[in-house]
>>> print(open('model20.tsv').read())   # TSV, C-alpha atoms
chain	number	residue	atom	x	y	z
Z	1	MET	CA	28.76	108.36	35.58
Z	2	ALA	CA	25.84	109.18	33.28
Z	3	LYS	CA	22.52	109.78	34.99
Z	4	HIS	CA	19.43	108.65	33.11
Z	5	PHE	CA	15.94	110.06	33.50
Z	6	ILE	CA	13.06	107.77	32.56
Z	7	PHE	CA	9.51	109.04	32.16
Z	8	ASP	CA	6.23	107.17	31.96
Z	9	LEU	CA	3.84	108.65	29.40
Z	10	GLY	CA	0.26	108.39	30.70
Z	11	ASN	CA	-0.59	111.14	33.19
Z	12	VAL	CA	3.07	112.11	33.44
Z	13	LEU	CA	3.78	113.57	30.01
Z	14	ILE	CA	0.41	112.96	28.35
Z	15	ASP	CA	-2.89	113.24	30.21
Z	16	PHE	CA	-5.99	111.26	29.36
Z	17	ASP	CA	-9.36	110.64	30.92
Z	18	LEU	CA	-11.18	107.35	30.39
Z	19	ASP	CA	-14.57	109.07	30.39
Z	20	ASP	CA	-13.34	111.14	27.45
Z	21	VAL	CA	-12.24	107.97	25.69
Z	22	LEU	CA	-15.73	106.50	26.00
Z	23	LYS	CA	-17.32	109.76	24.84
Z	24	HIS	CA	-15.16	109.82	21.72
Z	25	VAL	CA	-15.81	106.11	21.10
Z	26	MET	CA	-19.55	106.87	21.04
Z	27	GLU	CA	-18.99	109.73	18.61
Z	28	ALA	CA	-16.86	107.57	16.31
Z	29	ALA	CA	-19.30	104.64	16.42
Z	30	GLY	CA	-22.36	106.88	15.96
Z	31	VAL	CA	-24.13	105.65	19.09
Z	32	THR	CA	-25.63	107.43	22.08
Z	33	SER	CA	-24.83	104.77	24.68
Z	34	LEU	CA	-22.27	102.04	25.19
Z	35	PRO	CA	-22.62	98.44	26.35
Z	36	GLY	CA	-21.91	98.03	30.03
Z	37	THR	CA	-19.32	95.41	29.14
Z	38	LEU	CA	-17.05	97.92	27.39
Z	39	ARG	CA	-13.93	98.73	29.35
Z	40	VAL	CA	-10.97	100.50	27.84
Z	41	GLN	CA	-8.35	99.98	30.52
Z	42	ASP	CA	-7.01	97.29	32.87
Z	43	THR	CA	-8.46	94.31	31.01
Z	44	ALA	CA	-6.74	91.17	29.76
Z	45	ARG	CA	-7.11	92.30	26.15
Z	46	VAL	CA	-5.46	95.65	26.95
Z	47	VAL	CA	-2.49	93.86	28.49
Z	48	ALA	CA	-2.39	91.54	25.47
Z	49	VAL	CA	-2.19	94.37	22.92
Z	50	GLU	CA	0.17	96.39	25.10
Z	51	THR	CA	2.61	93.48	25.31
Z	52	GLY	CA	2.40	92.56	21.63
Z	53	GLN	CA	0.58	89.27	22.23
Z	54	ILE	CA	-2.18	90.37	19.86
Z	55	SER	CA	-2.18	92.95	17.10
Z	56	ASP	CA	-4.03	96.24	17.29
Z	57	GLU	CA	-6.39	94.93	14.63
Z	58	GLU	CA	-7.19	91.83	16.68
Z	59	TYR	CA	-7.63	93.95	19.80
Z	60	LEU	CA	-10.19	96.13	18.02
Z	61	ALA	CA	-11.93	93.14	16.48
Z	62	ARG	CA	-12.43	91.64	19.94
Z	63	ILE	CA	-13.94	94.88	21.23
Z	64	CYS	CA	-16.32	95.10	18.28
Z	65	GLU	CA	-17.32	91.45	18.60
Z	66	GLU	CA	-18.02	91.77	22.32
Z	67	THR	CA	-19.92	95.05	22.13
Z	68	GLY	CA	-21.49	95.11	18.67
Z	69	LEU	CA	-19.79	98.41	17.92
Z	70	SER	CA	-18.40	99.18	14.47
Z	71	LEU	CA	-15.04	100.93	14.60
Z	72	THR	CA	-12.02	101.04	12.30
Z	73	LEU	CA	-8.45	101.22	13.51
Z	74	GLU	CA	-8.24	104.73	12.05
Z	75	GLN	CA	-11.23	105.73	14.16
Z	76	LEU	CA	-9.68	104.22	17.27
Z	77	ILE	CA	-6.49	106.19	16.68
Z	78	GLY	CA	-8.65	109.29	16.27
Z	79	VAL	CA	-10.39	108.59	19.57
Z	80	TRP	CA	-7.06	108.69	21.36
Z	81	GLN	CA	-5.91	111.74	19.42
Z	82	LYS	CA	-8.89	113.65	20.74
Z	83	THR	CA	-8.36	112.35	24.27
Z	84	PHE	CA	-4.65	112.95	24.71
Z	85	GLN	CA	-3.47	116.27	26.17
Z	86	LEU	CA	0.05	117.33	27.09
Z	87	ASN	CA	0.82	117.46	30.81
Z	88	PRO	CA	2.47	120.89	31.33
Z	89	ALA	CA	4.35	120.05	34.53
Z	90	GLY	CA	5.69	116.74	33.27
Z	91	ASN	CA	6.84	118.19	29.96
Z	92	GLU	CA	8.45	121.17	31.65
Z	93	LEU	CA	10.49	118.81	33.82
Z	94	PHE	CA	11.36	116.64	30.83
Z	95	GLU	CA	12.55	119.64	28.80
Z	96	GLN	CA	14.49	121.04	31.74
Z	97	LEU	CA	16.50	117.83	32.04
Z	98	ARG	CA	16.87	117.49	28.30
Z	99	GLY	CA	18.06	121.09	28.03
Z	100	GLN	CA	20.72	120.37	30.65
Z	101	GLY	CA	22.07	117.63	28.39
Z	102	HIS	CA	20.87	114.65	30.41
Z	103	PRO	CA	19.70	111.49	28.61
Z	104	VAL	CA	15.91	111.34	28.92
Z	105	HIS	CA	13.87	108.29	27.97
Z	106	PHE	CA	10.28	107.07	27.68
Z	107	LEU	CA	9.11	103.84	29.36
Z	108	SER	CA	5.42	103.14	28.91
Z	109	ASN	CA	2.76	100.44	28.97
Z	110	ILE	CA	1.35	101.27	25.58
Z	111	ALA	CA	0.00	99.84	22.33
Z	112	TRP	CA	0.95	100.85	18.80
Z	113	HIS	CA	-2.34	102.66	18.17
Z	114	ASN	CA	-1.70	104.89	21.20
Z	115	VAL	CA	1.82	105.66	20.00
Z	116	GLU	CA	0.45	106.51	16.57
Z	117	ALA	CA	-2.11	108.87	18.12
Z	118	VAL	CA	0.67	110.70	19.97
Z	119	ARG	CA	2.75	110.94	16.78
Z	120	ARG	CA	-0.16	112.39	14.84
Z	121	ASN	CA	-0.85	114.99	17.51
Z	122	TRP	CA	2.78	115.94	18.07
Z	123	PRO	CA	4.98	114.61	15.23
Z	124	ASP	CA	8.30	115.27	17.00
Z	125	PHE	CA	7.21	114.07	20.43
Z	126	PHE	CA	9.16	110.80	20.56
Z	127	GLU	CA	12.23	112.28	18.88
Z	128	ARG	CA	12.76	114.23	22.10
Z	129	GLY	CA	13.62	111.03	23.95
Z	130	THR	CA	17.10	109.54	23.88
Z	131	GLU	CA	15.56	106.06	23.90
Z	132	ASN	CA	11.96	104.81	23.71
Z	133	PHE	CA	10.89	101.73	25.67
Z	134	PHE	CA	7.38	100.59	24.80
Z	135	SER	CA	5.71	97.52	26.31
Z	136	TYR	CA	4.24	96.38	22.98
Z	137	GLU	CA	7.79	96.12	21.59
Z	138	LEU	CA	9.49	94.70	24.70
Z	139	GLY	CA	6.79	92.12	25.48
Z	140	PHE	CA	6.60	93.03	29.17
Z	141	HIS	CA	4.19	95.20	31.14
Z	142	LYS	CA	4.97	97.36	34.15
Z	143	PRO	CA	5.27	96.52	37.02
Z	144	ASP	CA	6.93	93.31	35.74
Z	145	GLU	CA	10.57	93.69	36.75
Z	146	ARG	CA	11.67	92.39	33.35
Z	147	ILE	CA	10.61	95.59	31.58
Z	148	TYR	CA	12.85	97.70	33.82
Z	149	ARG	CA	15.73	95.25	33.48
Z	150	ALA	CA	15.35	95.31	29.69
Z	151	ALA	CA	15.62	99.09	29.69
Z	152	LEU	CA	18.66	99.03	31.98
Z	153	GLU	CA	20.39	96.43	29.82
Z	154	HIS	CA	19.74	98.43	26.65
Z	155	LEU	CA	21.05	101.61	28.26
Z	156	GLY	CA	24.03	99.87	29.78
Z	157	ALA	CA	23.12	101.61	33.01
Z	158	LYS	CA	23.15	100.58	36.65
Z	159	PRO	CA	19.83	100.90	38.53
Z	160	ASP	CA	21.16	103.62	40.82
Z	161	GLU	CA	22.09	105.69	37.76
Z	162	CYS	CA	18.40	105.98	36.79
Z	163	PHE	CA	15.60	108.25	38.01
Z	164	PHE	CA	12.09	107.12	37.07
Z	165	LEU	CA	8.69	108.82	37.25
Z	166	ASP	CA	5.31	107.10	36.96
Z	167	ASP	CA	1.75	107.95	37.98
Z	168	ARG	CA	0.99	104.48	39.39
Z	169	ARG	CA	2.25	103.26	42.72
Z	170	GLU	CA	2.67	99.66	41.59
Z	171	ASN	CA	4.90	100.75	38.71
Z	172	VAL	CA	7.02	102.85	41.04
Z	173	ALA	CA	7.32	99.84	43.34
Z	174	GLY	CA	8.35	97.61	40.41
Z	175	ALA	CA	11.14	100.00	39.46
Z	176	ARG	CA	12.31	100.31	43.05
Z	177	ALA	CA	12.42	96.52	43.31
Z	178	VAL	CA	15.25	96.47	40.76
Z	179	GLY	CA	17.08	99.34	42.45
Z	180	ILE	CA	15.93	102.32	40.37
Z	181	ASP	CA	15.35	105.65	42.13
Z	182	ALA	CA	11.61	105.80	41.34
Z	183	HIS	CA	8.95	108.30	42.39
Z	184	LEU	CA	5.21	108.79	42.08
Z	185	PHE	CA	4.29	111.68	39.78
Z	186	SER	CA	1.20	113.84	40.23
Z	187	ALA	CA	0.35	117.49	40.79
Z	188	GLU	CA	0.40	116.81	44.53
Z	189	THR	CA	3.76	115.01	44.53
Z	190	LEU	CA	5.55	117.44	42.20
Z	191	PRO	CA	7.33	119.35	45.02
Z	192	ALA	CA	8.61	116.06	46.48
Z	193	VAL	CA	9.65	114.90	43.00
Z	194	ARG	CA	11.67	118.06	42.45
Z	195	GLU	CA	13.32	117.67	45.85
Z	196	ALA	CA	14.22	114.04	45.08
Z	197	LEU	CA	15.51	115.11	41.69
Z	198	GLY	CA	17.80	117.65	43.34
Z	199	HIS	CA	19.27	114.95	45.55
Z	200	PHE	CA	19.73	112.62	42.57
Z	201	LEU	CA	21.55	115.29	40.55
Z	202	ARG	CA	24.09	116.05	43.23
Z	203	PRO	CA	27.60	114.72	42.45
>>> encode(input="model20.tsv", output="structure tokens")
Amino acid sequence: MAKHFIFDLGNVLIDFDLDDVLKHVMEAAGVTSLPGTLRVQDTARVVAVETGQISDEEYLARICEETGLSLTLEQLIGVWQKTFQLNPAGNELFEQLRGQGHPVHFLSNIAWHNVEAVRRNWPDFFERGTENFFSYELGFHKPDERIYRAALEHLGAKPDECFFLDDRRENVAGARAVGIDAHLFSAETLPAVREALGHFLRP
């Protein structure tokens, strides 16, 4: 029985801070303050671009129209390039499992421009994964159970053959709802994650 290890990206393998995003947006747009209406996460338009309902260009156009900012898609990619940092603990765990020959995969709520920013920072990053599951390609957003089921179907794996890490409780709950062995990832939970991983790896 193959055991699959599925990693979220944000704040598991790649760290980012929304305050940094806004700072870099101001730098790119050449402004010293931002409209109070600007939000870069957890909005309907973010879900829309991260599920492929709208293009990255349309997503950016909506932001610019609502805020009066002037940004190109290249600048937006650059904003995220400056913001993204590798998470040492998450990547160490990923490489440990990969080095042991286990299939390791990415499953992320993400838009194309974020993926492109990661690729530009670390060109071989996504080649490390056995399979990549991105919400903008699948059309579903965690914690929607359909995104986990789509990954399982593609892998030809049973839920109890998969170990999943995410930094958001609702996404962990969504994975558990379909039977995946899912755990919350953070600096504080890392010892518990490693313990759970040990149990999962036992024959």
>>> closest_residue(input="model20.tsv", among="Z:Ile6, Z:Leu97, Z:Phe84, Z:Asp15", to="Asn132 (chain Z)", atoms="all atoms listed in the file")
Z:Ile6
>>> residues_around(input="model20.tsv", residues="Asn171 (chain Z)", least_positions_apart="5", cutoff="9 Å", atoms="only C-alpha atoms", output="PDB file with C-alpha atoms, in the coordinates of the input")
ATOM      1  CA  LYS Z 142       4.970  97.360  34.150  1.00  0.00           C
ATOM      2  CA  PRO Z 143       5.270  96.520  37.020  1.00  0.00           C
ATOM      3  CA  ASP Z 144       6.930  93.310  35.740  1.00  0.00           C
ATOM      4  CA  ASP Z 166       5.310 107.100  36.960  1.00  0.00           C
ATOM      5  CA  ARG Z 176      12.310 100.310  43.050  1.00  0.00           C
ATOM      6  CA  ALA Z 182      11.610 105.800  41.340  1.00  0.00           C
ATOM      7  CA  LEU Z 184       5.210 108.790  42.080  1.00  0.00           C
TER       8      LEU Z 184
END
>>> atom_distance(input="model20.tsv", atom1="CA of Ala61 (chain Z)", atom2="CA of Gly30 (chain Z)")
17.3 Å
>>> axis_aligned_box(input="model20.tsv", around="region 162-171 of chain Z", padding_each_side="8 Å", output="lines of an AutoDock Vina configuration file")
center_x = 9.7
center_y = 104.2
center_z = 39.8
size_x = 33.4
size_y = 25.2
size_z = 21.9
>>> closest_residue(input="model20.tsv", among="Z:Asp8, Z:Glu131, Z:Glu116, Z:Asp160", to="Phe185 (chain Z)", atoms="only C-alpha atoms")
Z:Asp8
>>> residues_around(input="model20.tsv", residues="Arg194 (chain Z)", least_positions_apart="5", cutoff="9 Å", atoms="all atoms listed in the file", output="list in words")
Leu93, Thr189 and His199 of chain Z
>>> write_last_selection(input="model20.tsv", atoms="C-alpha atoms", output="PDB file, in the coordinates of the input")
ATOM      1  CA  LEU Z  93      10.490 118.810  33.820  1.00  0.00           C
ATOM      2  CA  THR Z 189       3.760 115.010  44.530  1.00  0.00           C
ATOM      3  CA  HIS Z 199      19.270 114.950  45.550  1.00  0.00           C
TER       4      HIS Z 199
END
>>> closest_atom_pairs(input="model20.tsv", of="region 90-201 of chain Z", to="region 44-60 of chain Z", cutoff="9 Å", atoms="only C-alpha atoms", output="CSV")
residue,atom,partner,partner_atom,distance
Z:Asn109,CA,Z:Glu50,CA,6.2
Z:Ile110,CA,Z:Glu50,CA,5.0
Z:Ala111,CA,Z:Glu50,CA,4.4
Z:Trp112,CA,Z:Asp56,CA,7.0
Z:His113,CA,Z:Asp56,CA,6.7
Z:Phe134,CA,Z:Glu50,CA,8.3
Z:Ser135,CA,Z:Thr51,CA,5.2
Z:Tyr136,CA,Z:Thr51,CA,4.1
Z:Glu137,CA,Z:Gly52,CA,6.5
Z:Leu138,CA,Z:Thr51,CA,7.0
Z:Gly139,CA,Z:Thr51,CA,4.4
Z:Phe140,CA,Z:Thr51,CA,5.6
Z:His141,CA,Z:Thr51,CA,6.3
>>> atom_distance(input="model20.tsv", atom1="CA of Phe5 (chain Z)", atom2="CA of Val172 (chain Z)")
13.7 Å
>>> closest_residue(input="model20.tsv", among="Z:Val31, Z:Leu71, Z:Val104, Z:Val12", to="Leu165 (chain Z)", atoms="only C-alpha atoms")
Z:Val12
>>> atom_distance(input="model20.tsv", atom1="CA of Ile147 (chain Z)", atom2="CA of Gln96 (chain Z)")
25.7 Å
>>> closest_residue(input="model20.tsv", among="Z:Ser186, Z:Thr72, Z:Thr67, Z:Gln81", to="Val115 (chain Z)", atoms="only C-alpha atoms")
Z:Gln81
>>> closest_residue(input="model20.tsv", among="Z:Phe163, Z:Ile63, Z:Gly101, Z:Phe200", to="His183 (chain Z)", atoms="all atoms listed in the file")
Z:Phe163
>>> closest_residue(input="model20.tsv", among="Z:Ala177, Z:Ala192, Z:Ala157, Z:Ala187", to="His4 (chain Z)", atoms="all atoms listed in the file")
Z:Ala157
>>> residues_near_point(input="model20.tsv", point="(21.9, 110.1, 34.2)", cutoff="7 Å", atoms="only C-alpha atoms", output="ChimeraX atom specification")
/Z:2-5,102-103,161-162
>>> residues_around(input="model20.tsv", residues="Glu92 (chain Z)", least_positions_apart="6", cutoff="12 Å", atoms="all atoms listed in the file", output="ChimeraX atom specification")
/Z:12-14,86,98-99,190,194
